[in-house]
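K.L.:
This is run_12.cif (mmCIF, C-alpha atoms and all ligand atoms).
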```cif
data_upload
loop_
_atom_site.group_PDB
_atom_site.id
_atom_site.type_symbol
_atom_site.label_atom_id
_atom_site.label_comp_id
_atom_site.auth_asym_id
_atom_site.auth_seq_id
_atom_site.Cartn_x
_atom_site.Cartn_y
_atom_site.Cartn_z
ATOM 1 C CA MET A 500 -12.590 32.847 5.782
ATOM 2 C CA ALA A 501 -15.006 35.748 5.621
ATOM 3 C CA ASN A 502 -14.441 38.343 2.857
ATOM 4 C CA THR A 503 -16.093 41.716 2.630
ATOM 5 C CA LEU A 504 -18.124 41.899 -0.564
ATOM 6 C CA THR A 505 -19.610 44.573 -2.726
ATOM 7 C CA ILE A 506 -23.375 44.534 -3.328
ATOM 8 C CA PRO A 507 -24.396 41.069 -4.553
ATOM 9 C CA SER A 508 -25.392 40.936 -8.210
ATOM 10 C CA ASN A 509 -27.919 38.171 -7.563
ATOM 11 C CA SER A 510 -29.915 39.525 -4.638
ATOM 12 C CA PRO A 511 -31.552 36.911 -2.426
ATOM 13 C CA ASN A 512 -35.288 37.102 -1.792
ATOM 14 C CA ILE A 513 -35.430 34.693 1.137
ATOM 15 C CA ALA A 514 -33.353 35.446 4.211
ATOM 16 C CA ILE A 515 -32.861 34.031 7.661
ATOM 17 C CA LEU A 516 -32.197 36.356 10.555
ATOM 18 C CA GLY A 517 -30.182 34.583 13.246
ATOM 19 C CA ALA A 518 -27.316 32.195 12.617
ATOM 20 C CA GLY A 519 -27.836 29.991 15.680
ATOM 21 C CA ALA A 520 -28.425 26.248 15.408
ATOM 22 C CA ILE A 521 -32.052 26.559 14.215
ATOM 23 C CA GLY A 522 -31.297 29.484 11.857
ATOM 24 C CA GLN A 523 -28.503 27.585 10.131
ATOM 25 C CA LEU A 524 -30.588 24.378 10.073
ATOM 26 C CA MET A 525 -33.425 26.252 8.342
ATOM 27 C CA TYR A 526 -30.956 27.772 5.896
ATOM 28 C CA HIS A 527 -29.572 24.361 4.852
ATOM 29 C CA GLN A 528 -33.001 22.775 4.671
ATOM 30 C CA LEU A 529 -34.329 25.618 2.513
ATOM 31 C CA CYS A 530 -31.282 25.336 0.216
ATOM 32 C CA GLN A 531 -31.715 21.564 -0.096
ATOM 33 C CA SER A 532 -35.410 21.779 -0.845
ATOM 34 C CA ASN A 533 -35.070 24.756 -3.246
ATOM 35 C CA GLU A 534 -32.073 23.463 -5.217
ATOM 36 C CA GLN A 535 -32.874 25.423 -8.384
ATOM 37 C CA SER A 536 -32.921 28.677 -6.504
ATOM 38 C CA VAL A 537 -30.286 28.343 -3.757
ATOM 39 C CA ASN A 538 -28.781 31.695 -4.722
ATOM 40 C CA SER A 539 -31.988 33.340 -3.673
ATOM 41 C CA ILE A 540 -31.415 32.319 -0.026
ATOM 42 C CA ALA A 541 -29.126 34.159 2.415
ATOM 43 C CA LEU A 542 -28.495 34.783 6.077
ATOM 44 C CA ILE A 543 -28.613 38.246 7.665
ATOM 45 C CA SER A 544 -25.974 39.063 10.255
ATOM 46 C CA ARG A 545 -25.647 41.700 12.951
ATOM 47 C CA GLN A 546 -22.651 43.205 11.103
ATOM 48 C CA THR A 547 -23.185 46.138 8.785
ATOM 49 C CA ASP A 548 -21.072 44.658 5.938
ATOM 50 C CA THR A 549 -22.010 41.764 3.696
ATOM 51 C CA GLN A 550 -19.746 38.711 3.748
ATOM 52 C CA GLN A 551 -19.355 35.367 2.062
ATOM 53 C CA GLN A 552 -18.865 32.441 4.424
ATOM 54 C CA GLN A 553 -18.517 28.699 3.989
ATOM 55 C CA LEU A 554 -21.148 26.897 6.067
ATOM 56 C CA GLN A 555 -21.142 23.207 6.945
ATOM 57 C CA PHE A 556 -24.096 21.003 7.651
ATOM 58 C CA THR A 557 -24.123 17.460 8.995
ATOM 59 C CA ASP A 558 -27.440 15.964 7.949
ATOM 60 C CA HIS A 559 -29.393 13.297 9.892
ATOM 61 C CA SER A 560 -27.569 10.508 8.043
ATOM 62 C CA GLY A 561 -24.180 11.922 9.025
ATOM 63 C CA LEU A 562 -23.286 13.342 5.575
ATOM 64 C CA ILE A 563 -21.443 16.656 5.681
ATOM 65 C CA HIS A 564 -22.438 19.342 3.146
ATOM 66 C CA SER A 565 -20.495 22.569 2.535
ATOM 67 C CA LYS A 566 -22.011 25.685 1.097
ATOM 68 C CA ASP A 567 -20.731 29.148 0.250
ATOM 69 C CA THR A 568 -23.248 31.432 1.851
ATOM 70 C CA LEU A 569 -24.031 35.065 1.446
ATOM 71 C CA ILE A 570 -24.344 36.752 4.816
ATOM 72 C CA LEU A 571 -26.062 40.059 4.221
ATOM 73 C CA GLY A 572 -24.979 42.970 6.368
ATOM 74 C CA THR A 573 -27.611 45.241 7.869
ATOM 75 C CA ASN A 574 -26.546 48.074 5.528
ATOM 76 C CA ASP A 575 -26.789 46.019 2.326
ATOM 77 C CA PRO A 576 -29.236 47.588 -0.161
ATOM 78 C CA GLY A 577 -29.988 43.988 -1.269
ATOM 79 C CA LEU A 578 -32.210 43.722 1.837
ATOM 80 C CA ALA A 579 -34.843 45.570 -0.191
ATOM 81 C CA GLU A 580 -35.221 42.412 -2.338
ATOM 82 C CA VAL A 581 -35.976 40.168 0.652
ATOM 83 C CA ASN A 582 -39.650 39.258 0.540
ATOM 84 C CA LEU A 583 -39.574 36.317 2.957
ATOM 85 C CA LEU A 584 -37.719 36.619 6.257
ATOM 86 C CA LEU A 585 -37.441 33.745 8.728
ATOM 87 C CA VAL A 586 -36.585 35.145 12.143
ATOM 88 C CA CYS A 587 -34.683 32.501 14.116
ATOM 89 C CA VAL A 588 -33.164 34.595 16.901
ATOM 90 C CA LYS A 589 -34.076 34.002 20.558
ATOM 91 C CA ALA A 590 -37.332 35.551 21.777
ATOM 92 C CA TYR A 591 -35.514 38.284 23.713
ATOM 93 C CA GLN A 592 -33.585 39.330 20.570
ATOM 94 C CA VAL A 593 -36.554 39.607 18.182
ATOM 95 C CA ALA A 594 -37.421 43.270 18.749
ATOM 96 C CA THR A 595 -33.847 44.620 18.651
ATOM 97 C CA ALA A 596 -32.803 42.472 15.681
ATOM 98 C CA LEU A 597 -35.931 42.789 13.553
ATOM 99 C CA LEU A 598 -37.539 46.194 14.100
ATOM 100 C CA PRO A 599 -34.624 48.263 12.672
ATOM 101 C CA LEU A 600 -34.747 46.093 9.514
ATOM 102 C CA LEU A 601 -38.434 46.587 8.685
ATOM 103 C CA ASN A 602 -37.758 49.791 6.703
ATOM 104 C CA LYS A 603 -34.918 48.162 4.786
ATOM 105 C CA LEU A 604 -36.713 44.977 3.699
ATOM 106 C CA SER A 605 -39.046 44.781 0.720
ATOM 107 C CA PRO A 606 -42.264 46.736 1.497
ATOM 108 C CA GLN A 607 -44.029 43.422 0.685
ATOM 109 C CA CYS A 608 -41.793 41.292 2.922
ATOM 110 C CA HIS A 609 -43.508 38.507 4.849
ATOM 111 C CA ILE A 610 -41.989 37.780 8.251
ATOM 112 C CA VAL A 611 -42.023 34.403 9.975
ATOM 113 C CA LEU A 612 -41.185 34.296 13.698
ATOM 114 C CA LEU A 613 -39.777 30.965 14.823
ATOM 115 C CA HIS A 614 -38.707 30.967 18.450
ATOM 116 C CA ASN A 615 -39.593 29.414 21.795
ATOM 117 C CA GLY A 616 -42.077 31.326 23.915
ATOM 118 C CA LEU A 617 -44.648 34.013 23.201
ATOM 119 C CA GLY A 618 -44.723 37.789 23.413
ATOM 120 C CA PRO A 619 -42.546 39.247 20.631
ATOM 121 C CA HIS A 620 -45.422 38.804 18.140
ATOM 122 C CA LEU A 621 -47.307 41.597 19.946
ATOM 123 C CA VAL A 622 -44.459 44.089 19.470
ATOM 124 C CA VAL A 623 -43.856 43.048 15.845
ATOM 125 C CA ALA A 624 -47.577 43.219 14.995
ATOM 126 C CA GLU A 625 -47.702 46.757 16.414
ATOM 127 C CA ALA A 626 -44.652 47.807 14.358
ATOM 128 C CA LEU A 627 -46.149 46.285 11.195
ATOM 129 C CA ALA A 628 -49.039 48.730 11.429
ATOM 130 C CA GLN A 629 -46.574 51.215 9.859
ATOM 131 C CA HIS A 630 -45.774 48.731 7.031
ATOM 132 C CA PRO A 631 -49.134 47.824 5.540
ATOM 133 C CA GLY A 632 -47.639 45.741 2.689
ATOM 134 C CA GLN A 633 -45.759 43.443 5.061
ATOM 135 C CA GLY A 634 -47.249 40.511 6.951
ATOM 136 C CA LEU A 635 -46.583 38.176 9.865
ATOM 137 C CA THR A 636 -46.700 34.407 10.246
ATOM 138 C CA LEU A 637 -45.934 32.738 13.582
ATOM 139 C CA GLY A 638 -44.436 29.339 14.033
ATOM 140 C CA THR A 639 -42.597 26.896 16.174
ATOM 141 C CA THR A 640 -40.339 23.963 15.410
ATOM 142 C CA SER A 641 -39.500 20.866 17.415
ATOM 143 C CA GLN A 642 -36.599 19.985 15.154
ATOM 144 C CA ALA A 643 -33.295 19.770 16.964
ATOM 145 C CA ALA A 644 -29.888 20.980 15.845
ATOM 146 C CA LEU A 645 -26.523 21.302 17.505
ATOM 147 C CA LYS A 646 -23.940 23.958 16.761
ATOM 148 C CA ILE A 647 -20.625 22.129 16.366
ATOM 149 C CA SER A 648 -18.738 25.339 15.647
ATOM 150 C CA GLN A 649 -19.769 28.854 14.614
ATOM 151 C CA TRP A 650 -20.543 27.825 11.009
ATOM 152 C CA HIS A 651 -21.209 24.099 11.357
ATOM 153 C CA VAL A 652 -24.489 22.664 12.580
ATOM 154 C CA LYS A 653 -25.657 19.105 12.943
ATOM 155 C CA HIS A 654 -29.251 17.977 12.522
ATOM 156 C CA THR A 655 -29.889 16.018 15.721
ATOM 157 C CA GLY A 656 -33.614 15.361 15.658
ATOM 158 C CA PHE A 657 -36.698 15.400 13.481
ATOM 159 C CA GLY A 658 -39.748 17.199 14.734
ATOM 160 C CA VAL A 659 -42.779 19.001 13.487
ATOM 161 C CA THR A 660 -42.704 22.627 12.291
ATOM 162 C CA GLN A 661 -46.062 24.356 12.815
ATOM 163 C CA LEU A 662 -46.882 27.650 11.148
ATOM 164 C CA GLY A 663 -49.856 29.953 10.731
ATOM 165 C CA TYR A 664 -50.704 33.430 9.475
ATOM 166 C CA TYR A 665 -51.079 36.057 12.215
ATOM 167 C CA CYS A 666 -51.553 39.570 10.758
ATOM 168 C CA GLY A 667 -50.894 41.991 7.892
ATOM 169 C CA CYS A 668 -50.618 40.879 4.275
ATOM 170 C CA LYS A 669 -50.872 37.135 3.690
ATOM 171 C CA LEU A 670 -48.044 34.974 2.346
ATOM 172 C CA THR A 671 -48.137 34.772 -1.431
ATOM 173 C CA SER A 672 -48.769 31.285 -2.837
ATOM 174 C CA GLU A 673 -45.289 31.362 -4.425
ATOM 175 C CA LEU A 674 -43.539 31.935 -1.083
ATOM 176 C CA LYS A 675 -45.787 29.466 0.725
ATOM 177 C CA ALA A 676 -44.831 26.862 -1.889
ATOM 178 C CA ARG A 677 -41.137 27.483 -1.158
ATOM 179 C CA ILE A 678 -41.730 26.859 2.552
ATOM 180 C CA ASP A 679 -43.888 23.811 1.753
ATOM 181 C CA LYS A 680 -40.966 22.262 -0.100
ATOM 182 C CA LEU A 681 -39.389 21.664 3.317
ATOM 183 C CA HIS A 682 -41.739 18.647 3.442
ATOM 184 C CA GLN A 683 -39.440 16.925 0.936
ATOM 185 C CA ASP A 684 -36.927 15.791 3.517
ATOM 186 C CA ASN A 685 -39.430 13.711 5.565
ATOM 187 C CA GLN A 686 -40.133 16.725 7.684
ATOM 188 C CA ALA A 687 -43.496 17.337 9.196
ATOM 189 C CA LEU A 688 -44.728 20.807 8.305
ATOM 190 C CA GLU A 689 -48.212 21.870 9.352
ATOM 191 C CA TRP A 690 -50.232 25.015 8.707
ATOM 192 C CA HIS A 691 -52.687 25.975 11.425
ATOM 193 C CA GLN A 692 -55.414 28.592 11.447
ATOM 194 C CA PRO A 693 -55.706 30.205 13.920
ATOM 195 C CA VAL A 694 -52.104 29.666 14.935
ATOM 196 C CA LEU A 695 -52.130 30.834 18.571
ATOM 197 C CA ALA A 696 -53.589 27.598 19.979
ATOM 198 C CA VAL A 697 -50.632 25.536 18.723
ATOM 199 C CA LEU A 698 -48.230 28.149 20.049
ATOM 200 C CA TRP A 699 -49.826 27.907 23.509
ATOM 201 C CA GLN A 700 -49.470 24.115 23.294
ATOM 202 C CA LYS A 701 -45.770 24.513 22.526
ATOM 203 C CA LEU A 702 -45.572 27.108 25.314
ATOM 204 C CA ALA A 703 -46.851 24.430 27.726
ATOM 205 C CA ILE A 704 -44.072 22.055 26.630
ATOM 206 C CA ASN A 705 -41.445 24.733 27.164
ATOM 207 C CA ALA A 706 -43.031 26.015 30.406
ATOM 208 C CA VAL A 707 -42.620 22.552 31.927
ATOM 209 C CA ILE A 708 -39.424 21.148 30.413
ATOM 210 C CA ASN A 709 -37.217 24.217 30.170
ATOM 211 C CA PRO A 710 -37.288 25.664 33.710
ATOM 212 C CA LEU A 711 -37.477 22.280 35.458
ATOM 213 C CA THR A 712 -34.455 20.849 33.605
ATOM 214 C CA ALA A 713 -32.528 24.081 34.275
ATOM 215 C CA LEU A 714 -33.426 24.097 37.979
ATOM 216 C CA TYR A 715 -33.028 20.370 38.650
ATOM 217 C CA HIS A 716 -29.996 20.178 36.379
ATOM 218 C CA CYS A 717 -31.188 17.161 34.453
ATOM 219 C CA ALA A 718 -31.899 15.783 30.981
ATOM 220 C CA ASN A 719 -35.490 16.077 29.738
ATOM 221 C CA GLY A 720 -36.218 12.387 30.402
ATOM 222 C CA GLN A 721 -35.819 12.701 34.173
ATOM 223 C CA LEU A 722 -39.038 14.748 34.310
ATOM 224 C CA ALA A 723 -41.014 11.567 33.621
ATOM 225 C CA ASN A 724 -40.307 10.512 37.227
ATOM 226 C CA ASP A 725 -43.243 10.646 39.636
ATOM 227 C CA GLU A 726 -41.594 13.199 41.928
ATOM 228 C CA TYR A 727 -42.184 15.956 39.323
ATOM 229 C CA ARG A 728 -45.782 15.037 38.473
ATOM 230 C CA GLN A 729 -47.518 17.379 40.934
ATOM 231 C CA GLN A 730 -45.450 20.385 39.897
ATOM 232 C CA ILE A 731 -45.971 19.624 36.198
ATOM 233 C CA THR A 732 -49.748 19.360 36.707
ATOM 234 C CA ALA A 733 -49.796 22.710 38.538
ATOM 235 C CA ILE A 734 -47.795 24.485 35.782
ATOM 236 C CA ILE A 735 -50.157 23.133 33.108
ATOM 237 C CA ASP A 736 -53.346 23.936 35.062
ATOM 238 C CA GLU A 737 -52.282 27.559 35.523
ATOM 239 C CA LEU A 738 -51.323 27.866 31.843
ATOM 240 C CA VAL A 739 -54.639 26.393 30.664
ATOM 241 C CA ASN A 740 -56.551 28.846 32.865
ATOM 242 C CA VAL A 741 -54.581 31.876 31.620
ATOM 243 C CA ALA A 742 -54.938 30.729 27.993
ATOM 244 C CA LYS A 743 -58.725 30.493 28.462
ATOM 245 C CA TRP A 744 -58.860 34.150 29.537
ATOM 246 C CA ASP A 745 -56.703 34.934 26.496
ATOM 247 C CA GLY A 746 -59.376 33.337 24.294
ATOM 248 C CA ILE A 747 -57.580 29.997 23.751
ATOM 249 C CA GLU A 748 -59.347 26.798 24.857
ATOM 250 C CA LEU A 749 -56.908 24.032 25.767
ATOM 251 C CA ASP A 750 -57.665 20.597 27.194
ATOM 252 C CA PRO A 751 -55.381 20.054 30.238
ATOM 253 C CA ALA A 752 -55.403 16.246 29.778
ATOM 254 C CA LEU A 753 -54.313 16.554 26.125
ATOM 255 C CA ILE A 754 -51.665 19.135 27.014
ATOM 256 C CA SER A 755 -50.317 16.879 29.745
ATOM 257 C CA THR A 756 -50.181 13.884 27.359
ATOM 258 C CA ARG A 757 -48.307 15.993 24.801
ATOM 259 C CA VAL A 758 -45.853 17.295 27.429
ATOM 260 C CA TYR A 759 -45.059 13.729 28.569
ATOM 261 C CA GLN A 760 -44.702 12.597 24.922
ATOM 262 C CA VAL A 761 -42.082 15.282 24.320
ATOM 263 C CA ILE A 762 -40.316 14.408 27.592
ATOM 264 C CA LYS A 763 -40.096 10.813 26.313
ATOM 265 C CA LEU A 764 -39.163 11.698 22.713
ATOM 266 C CA THR A 765 -36.384 14.050 23.840
ATOM 267 C CA ALA A 766 -35.411 12.060 26.950
ATOM 268 C CA ALA A 767 -31.666 12.206 26.296
ATOM 269 C CA ASN A 768 -31.646 15.920 25.340
ATOM 270 C CA PHE A 769 -30.690 18.792 27.555
ATOM 271 C CA SER A 770 -33.219 21.564 26.986
ATOM 272 C CA SER A 771 -32.262 24.908 25.474
ATOM 273 C CA MET A 772 -32.756 26.580 28.883
ATOM 274 C CA TYR A 773 -30.570 24.015 30.640
ATOM 275 C CA GLN A 774 -27.868 24.816 28.063
ATOM 276 C CA ASP A 775 -28.357 28.588 28.297
ATOM 277 C CA VAL A 776 -27.922 28.449 32.076
ATOM 278 C CA ALA A 777 -24.934 26.076 31.804
ATOM 279 C CA HIS A 778 -23.235 28.497 29.378
ATOM 280 C CA HIS A 779 -24.173 31.591 31.448
ATOM 281 C CA ARG A 780 -26.317 32.952 28.602
ATOM 282 C CA ALA A 781 -29.604 34.813 28.969
ATOM 283 C CA THR A 782 -32.607 32.466 28.958
ATOM 284 C CA GLU A 783 -36.039 32.785 27.320
ATOM 285 C CA ILE A 784 -37.780 32.488 30.711
ATOM 286 C CA ASN A 785 -39.440 35.939 30.403
ATOM 287 C CA TYR A 786 -41.165 34.738 27.211
ATOM 288 C CA ILE A 787 -42.129 31.290 28.542
ATOM 289 C CA ASN A 788 -43.249 31.187 32.201
ATOM 290 C CA GLY A 789 -42.850 34.980 32.236
ATOM 291 C CA TYR A 790 -45.411 35.335 29.420
ATOM 292 C CA ILE A 791 -47.882 33.164 31.362
ATOM 293 C CA CYS A 792 -47.381 35.423 34.438
ATOM 294 C CA GLN A 793 -47.725 38.594 32.349
ATOM 295 C CA GLN A 794 -51.014 37.438 30.822
ATOM 296 C CA ALA A 795 -52.194 36.184 34.232
ATOM 297 C CA GLN A 796 -51.585 39.645 35.662
ATOM 298 C CA LEU A 797 -53.464 41.223 32.756
ATOM 299 C CA HIS A 798 -56.502 39.068 33.519
ATOM 300 C CA ARG A 799 -56.034 39.381 37.325
ATOM 301 C CA LEU A 800 -55.369 35.664 37.733
ATOM 302 C CA ALA A 801 -52.946 33.904 40.054
ATOM 303 C CA ALA A 802 -50.156 31.789 38.538
ATOM 304 C CA PRO A 803 -47.951 31.100 41.600
ATOM 305 C CA HIS A 804 -46.147 28.040 40.227
ATOM 306 C CA ASN A 805 -45.144 29.793 37.020
ATOM 307 C CA GLN A 806 -44.228 32.912 39.010
ATOM 308 C CA GLN A 807 -41.951 30.881 41.259
ATOM 309 C CA LEU A 808 -40.231 29.220 38.285
ATOM 310 C CA LEU A 809 -39.738 32.625 36.658
ATOM 311 C CA GLU A 810 -38.080 33.991 39.794
ATOM 312 C CA GLN A 811 -35.953 30.872 40.359
ATOM 313 C CA VAL A 812 -34.604 30.819 36.791
ATOM 314 C CA LEU A 813 -33.908 34.568 36.839
ATOM 315 C CA GLN A 814 -32.020 33.920 40.072
ATOM 316 C CA LEU A 815 -29.963 31.151 38.355
ATOM 317 C CA ASN A 816 -28.962 33.701 35.712
ATOM 318 C CA ARG A 817 -27.617 35.984 38.436
ATOM 319 C CA LEU A 818 -25.363 33.277 39.965
HETATM 320 O O1 LIG B 1 -36.315 24.395 24.154
HETATM 321 C C1 LIG B 1 -36.116 23.179 24.008
HETATM 322 O O2 LIG B 1 -35.147 22.591 24.467
HETATM 323 C C2 LIG B 1 -37.112 22.403 23.156
HETATM 324 O O3 LIG B 1 -38.086 23.306 22.681
HETATM 325 C C3 LIG B 1 -37.779 21.223 23.860
HETATM 326 C C4 LIG B 1 -38.955 20.771 23.026
HETATM 327 C C5 LIG B 1 -38.235 21.580 25.256
HETATM 328 C C6 LIG B 1 -36.899 20.016 23.888
HETATM 329 O O4 LIG B 1 -35.725 20.143 24.599
#
```
Please lay out the structure from this file as structure tokens.

P.N.:
Amino acid sequence: MANTLTIPSNSPNIAILGAGAIGQLMYHQLCQSNEQSVNSIALISRQTDTQQQQLQFTDHSGLIHSKDTLILGTNDPGLAEVNLLLVCVKAYQVATALLPLLNKLSPQCHIVLLHNGLGPHLVVAEALAQHPGQGLTLGTTSQAALKISQWHVKHTGFGVTQLGYYCGCKLTSELKARIDKLHQDNQALEWHQPVLAVLWQKLAINAVINPLTALYHCANGQLANDEYRQQITAIIDELVNVAKWDGIELDPALISTRVYQVIKLTAANFSSMYQDVAHHRATEINYINGYICQQAQLHRLAAPHNQQLLEQVLQLNRL
């Protein structure tokens, strides 16, 4: 049961914005790897009031862990102590959820964006120009988690988490060490500099798997069939061309190999976009194939296959 609390006496300095499957997974993994300082980790909700909530976590071996968790409200003065913020909301929620908090967080807060797709980093970087002590790291994770109920998530798949500094003040070595501790649980965690190339690689994976599984109504594995090969090649070729004009050199053969690896590794999964469409939720299409089209337009390039997927998925959302 959620109770309304007064200001916490022990203010957290690491917070996660977004209590979806990945946000809660990150919360539990940070708590497990920072056992001596679990009280310094909290979630931030959309509510104005702070609450205490019991969260449950089923780990990869099936063990269930329970944890009393502080869920900071957006009016909590304790936000001023937060100096590391992991943003785990969907791409289309980043600006509305994060920008109003920038003034309330520690003036030295370092922000880590962890979502599918690209685009919100441009808006956040622009806003951070007004907060010279804050900084931005971008990342992506291939870990998988399933929300069993509102406050219970299950870890359903290992995957690599890739991170890299983008702009503003750099992460302090103390905070970087706290993130690095996530390695402890057999998890692959990589730091990349510059980070944008790995984010474009992940964009390619999402630009192929997400819209095609949503449109063809299938599990990821079905995309390994020959009938999809031509379309997959066309999506990747357009993306590689747009990335080049954006200053990112990608090898189409390597990208294609990586896309097919992920299709195989996640064969039984239904992609996040498949699930968003199935549950009549907004999708991240504007930040995946839509971002490719936006950058193509900027550089006066054609990206007809990505454009068609964008329109078809937006159409699915209207049904
Ligand atoms: O969005 C997703 O579903 C995932 O990022 C991925 C890697 C495509 C696997 O389903």

K.L.:
Could you list the residues chosen by the PyMOL selection byres (((not hetatm)) within 8 of (chain B and resi 1)) in this structure as a VMD selection string?

P.N.:
chain A and resid 615 640 to 641 643 701 704 to 705 708 to 709 719 761 to 762 765 768 to 773

K.L.:
May I have the residues from that selection written out with C-alpha atoms, as a PDB file, in the coordinates of the input?

P.N.:
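Final output, part.pdb:
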```pdb
ATOM      1  CA  ASN A 615     -39.593  29.414  21.795  1.00  0.00           C
ATOM      2  CA  THR A 640     -40.339  23.963  15.410  1.00  0.00           C
ATOM      3  CA  SER A 641     -39.500  20.866  17.415  1.00  0.00           C
ATOM      4  CA  ALA A 643     -33.295  19.770  16.964  1.00  0.00           C
ATOM      5  CA  LYS A 701     -45.770  24.513  22.526  1.00  0.00           C
ATOM      6  CA  ILE A 704     -44.072  22.055  26.630  1.00  0.00           C
ATOM      7  CA  ASN A 705     -41.445  24.733  27.164  1.00  0.00           C
ATOM      8  CA  ILE A 708     -39.424  21.148  30.413  1.00  0.00           C
ATOM      9  CA  ASN A 709     -37.217  24.217  30.170  1.00  0.00           C
ATOM     10  CA  ASN A 719     -35.490  16.077  29.738  1.00  0.00           C
ATOM     11  CA  VAL A 761     -42.082  15.282  24.320  1.00  0.00           C
ATOM     12  CA  ILE A 762     -40.316  14.408  27.592  1.00  0.00           C
ATOM     13  CA  THR A 765     -36.384  14.050  23.840  1.00  0.00           C
ATOM     14  CA  ASN A 768     -31.646  15.920  25.340  1.00  0.00           C
ATOM     15  CA  PHE A 769     -30.690  18.792  27.555  1.00  0.00           C
ATOM     16  CA  SER A 770     -33.219  21.564  26.986  1.00  0.00           C
ATOM     17  CA  SER A 771     -32.262  24.908  25.474  1.00  0.00           C
ATOM     18  CA  MET A 772     -32.756  26.580  28.883  1.00  0.00           C
ATOM     19  CA  TYR A 773     -30.570  24.015  30.640  1.00  0.00           C
TER      20      TYR A 773
END
```

K.L.:
What is the CA of Ala579 (chain A) to CA of Tyr591 (chain A) distance in Å?

P.N.:
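According to the coordinates, CA of Ala579 (chain A) and CA of Tyr591 (chain A) are separated by 25.0 Å.
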
K.L.:
Evaluate the PyMOL selection byres (((chain A and resi 745) around 12) and not hetatm) on the structure here and hand back the selected residues as a PyMOL selection string.

P.N.:
chain A and resi 695-696+699+738-744+746-749+790-791+793-800

K.L.:
Translate the PyMOL selection byres (((chain A and resi 757) around 12) and not hetatm) into a concrete residue list for this structure, as JSON, numbers by chain.

P.N.:
{"A": [697, 700, 701, 702, 703, 704, 705, 707, 708, 735, 749, 750, 751, 752, 753, 754, 755, 756, 758, 759, 760, 761, 762, 763, 764]}

K.L.:
With 9 Å as the threshold, what does the neighbourhood of (-40.8, 42.6, 19.7) contain in terms of residues, counting only C-alpha atoms? Coordinates are those of the file; answer as a PDB file with C-alpha atoms, in the frame of the given file.

P.N.:
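Result saved to result26.pdb:
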```
ATOM      1  CA  ALA A 590     -37.332  35.551  21.777  1.00  0.00           C
ATOM      2  CA  TYR A 591     -35.514  38.284  23.713  1.00  0.00           C
ATOM      3  CA  GLN A 592     -33.585  39.330  20.570  1.00  0.00           C
ATOM      4  CA  VAL A 593     -36.554  39.607  18.182  1.00  0.00           C
ATOM      5  CA  ALA A 594     -37.421  43.270  18.749  1.00  0.00           C
ATOM      6  CA  THR A 595     -33.847  44.620  18.651  1.00  0.00           C
ATOM      7  CA  ALA A 596     -32.803  42.472  15.681  1.00  0.00           C
ATOM      8  CA  LEU A 597     -35.931  42.789  13.553  1.00  0.00           C
ATOM      9  CA  LEU A 598     -37.539  46.194  14.100  1.00  0.00           C
ATOM     10  CA  GLY A 618     -44.723  37.789  23.413  1.00  0.00           C
ATOM     11  CA  PRO A 619     -42.546  39.247  20.631  1.00  0.00           C
ATOM     12  CA  HIS A 620     -45.422  38.804  18.140  1.00  0.00           C
ATOM     13  CA  LEU A 621     -47.307  41.597  19.946  1.00  0.00           C
ATOM     14  CA  VAL A 622     -44.459  44.089  19.470  1.00  0.00           C
ATOM     15  CA  VAL A 623     -43.856  43.048  15.845  1.00  0.00           C
ATOM     16  CA  ALA A 624     -47.577  43.219  14.995  1.00  0.00           C
ATOM     17  CA  GLU A 625     -47.702  46.757  16.414  1.00  0.00           C
ATOM     18  CA  ALA A 626     -44.652  47.807  14.358  1.00  0.00           C
TER      19      ALA A 626
END
```

K.L.:
What is the distance between CA of Lys566 (chain A) and CA of Gln553 (chain A), in Å to one decimal?

P.N.:
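These atoms are spaced 5.4 Å apart.
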
K.L.:
Which value, in Å to one decimal, gives the distance between CA of Tyr727 (chain A) and CA of Thr660 (chain A)?

P.N.:
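Taking CA of Tyr727 (chain A) and CA of Thr660 (chain A), their separation equals 27.8 Å.
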
K.L.:
Closest to Gln531 (chain A) among A:His682, A:Asp575, A:Val694, A:Leu637, using all atoms listed in the file?

P.N.:
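Selected residue with least distance to Gln531 (chain A): A:His682.
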
K.L.:
Please list as a list of chain:residue names every residue within 9 Å of region 803-808 of chain A, counting only C-alpha atoms and excluding residues in the same chain fewer than 6 positions away.

P.N.:
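Answer for this query is A:Ala706, A:Pro710, A:Leu711, A:Leu714, A:Gln730, A:Ala733, A:Ile734, A:Glu737, A:Leu738, A:Ile784, A:Asn788, A:Gly789, A:Ile791, A:Cys792.
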
K.L.:
With a distance cut-off of 8 Å and all atoms listed in the file, select the neighbouring residues of Pro606 (chain A), excluding the residue or stretch itself and same-chain residues fewer than 5 positions from it, and output the selection as a list in words.

P.N.:
Ala579, Asn582, His630, Gly632 and Gln633 of chain A

K.L.:
Restrict the selected residues to C-alpha atoms and save them as a compact mmCIF listing (two decimals), keeping the file's coordinate frame.

P.N.:
```txt
# COMPACT_ATOMS: atom_id res chain seq x y z
CA ALA A 579 -34.84 45.57 -0.19
CA ASN A 582 -39.65 39.26 0.54
CA HIS A 630 -45.77 48.73 7.03
CA GLY A 632 -47.64 45.74 2.69
CA GLN A 633 -45.76 43.44 5.06
```

K.L.:
Padding 6 Å on each side, edges along x, y and z: where is the centre of the box around the listed atoms of region 527-530 of chain A, and how long are its edges in Å to one decimal? Output it as lines of an AutoDock Vina configuration file.

P.N.:
```
center_x = -32.0
center_y = 24.2
center_z = 2.5
size_x = 16.8
size_y = 14.8
size_z = 16.6
```

K.L.:
For a quick check of understanding, using only C-alpha atoms, which of A:Leu674, A:Leu627, A:Leu583, A:Ile543 has the smallest distance to His609 (chain A)?

P.N.:
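Checking each of A:Leu674, A:Leu627, A:Leu583, A:Ile543 against His609 (chain A), counting only C-alpha atoms, the winner is A:Leu583.
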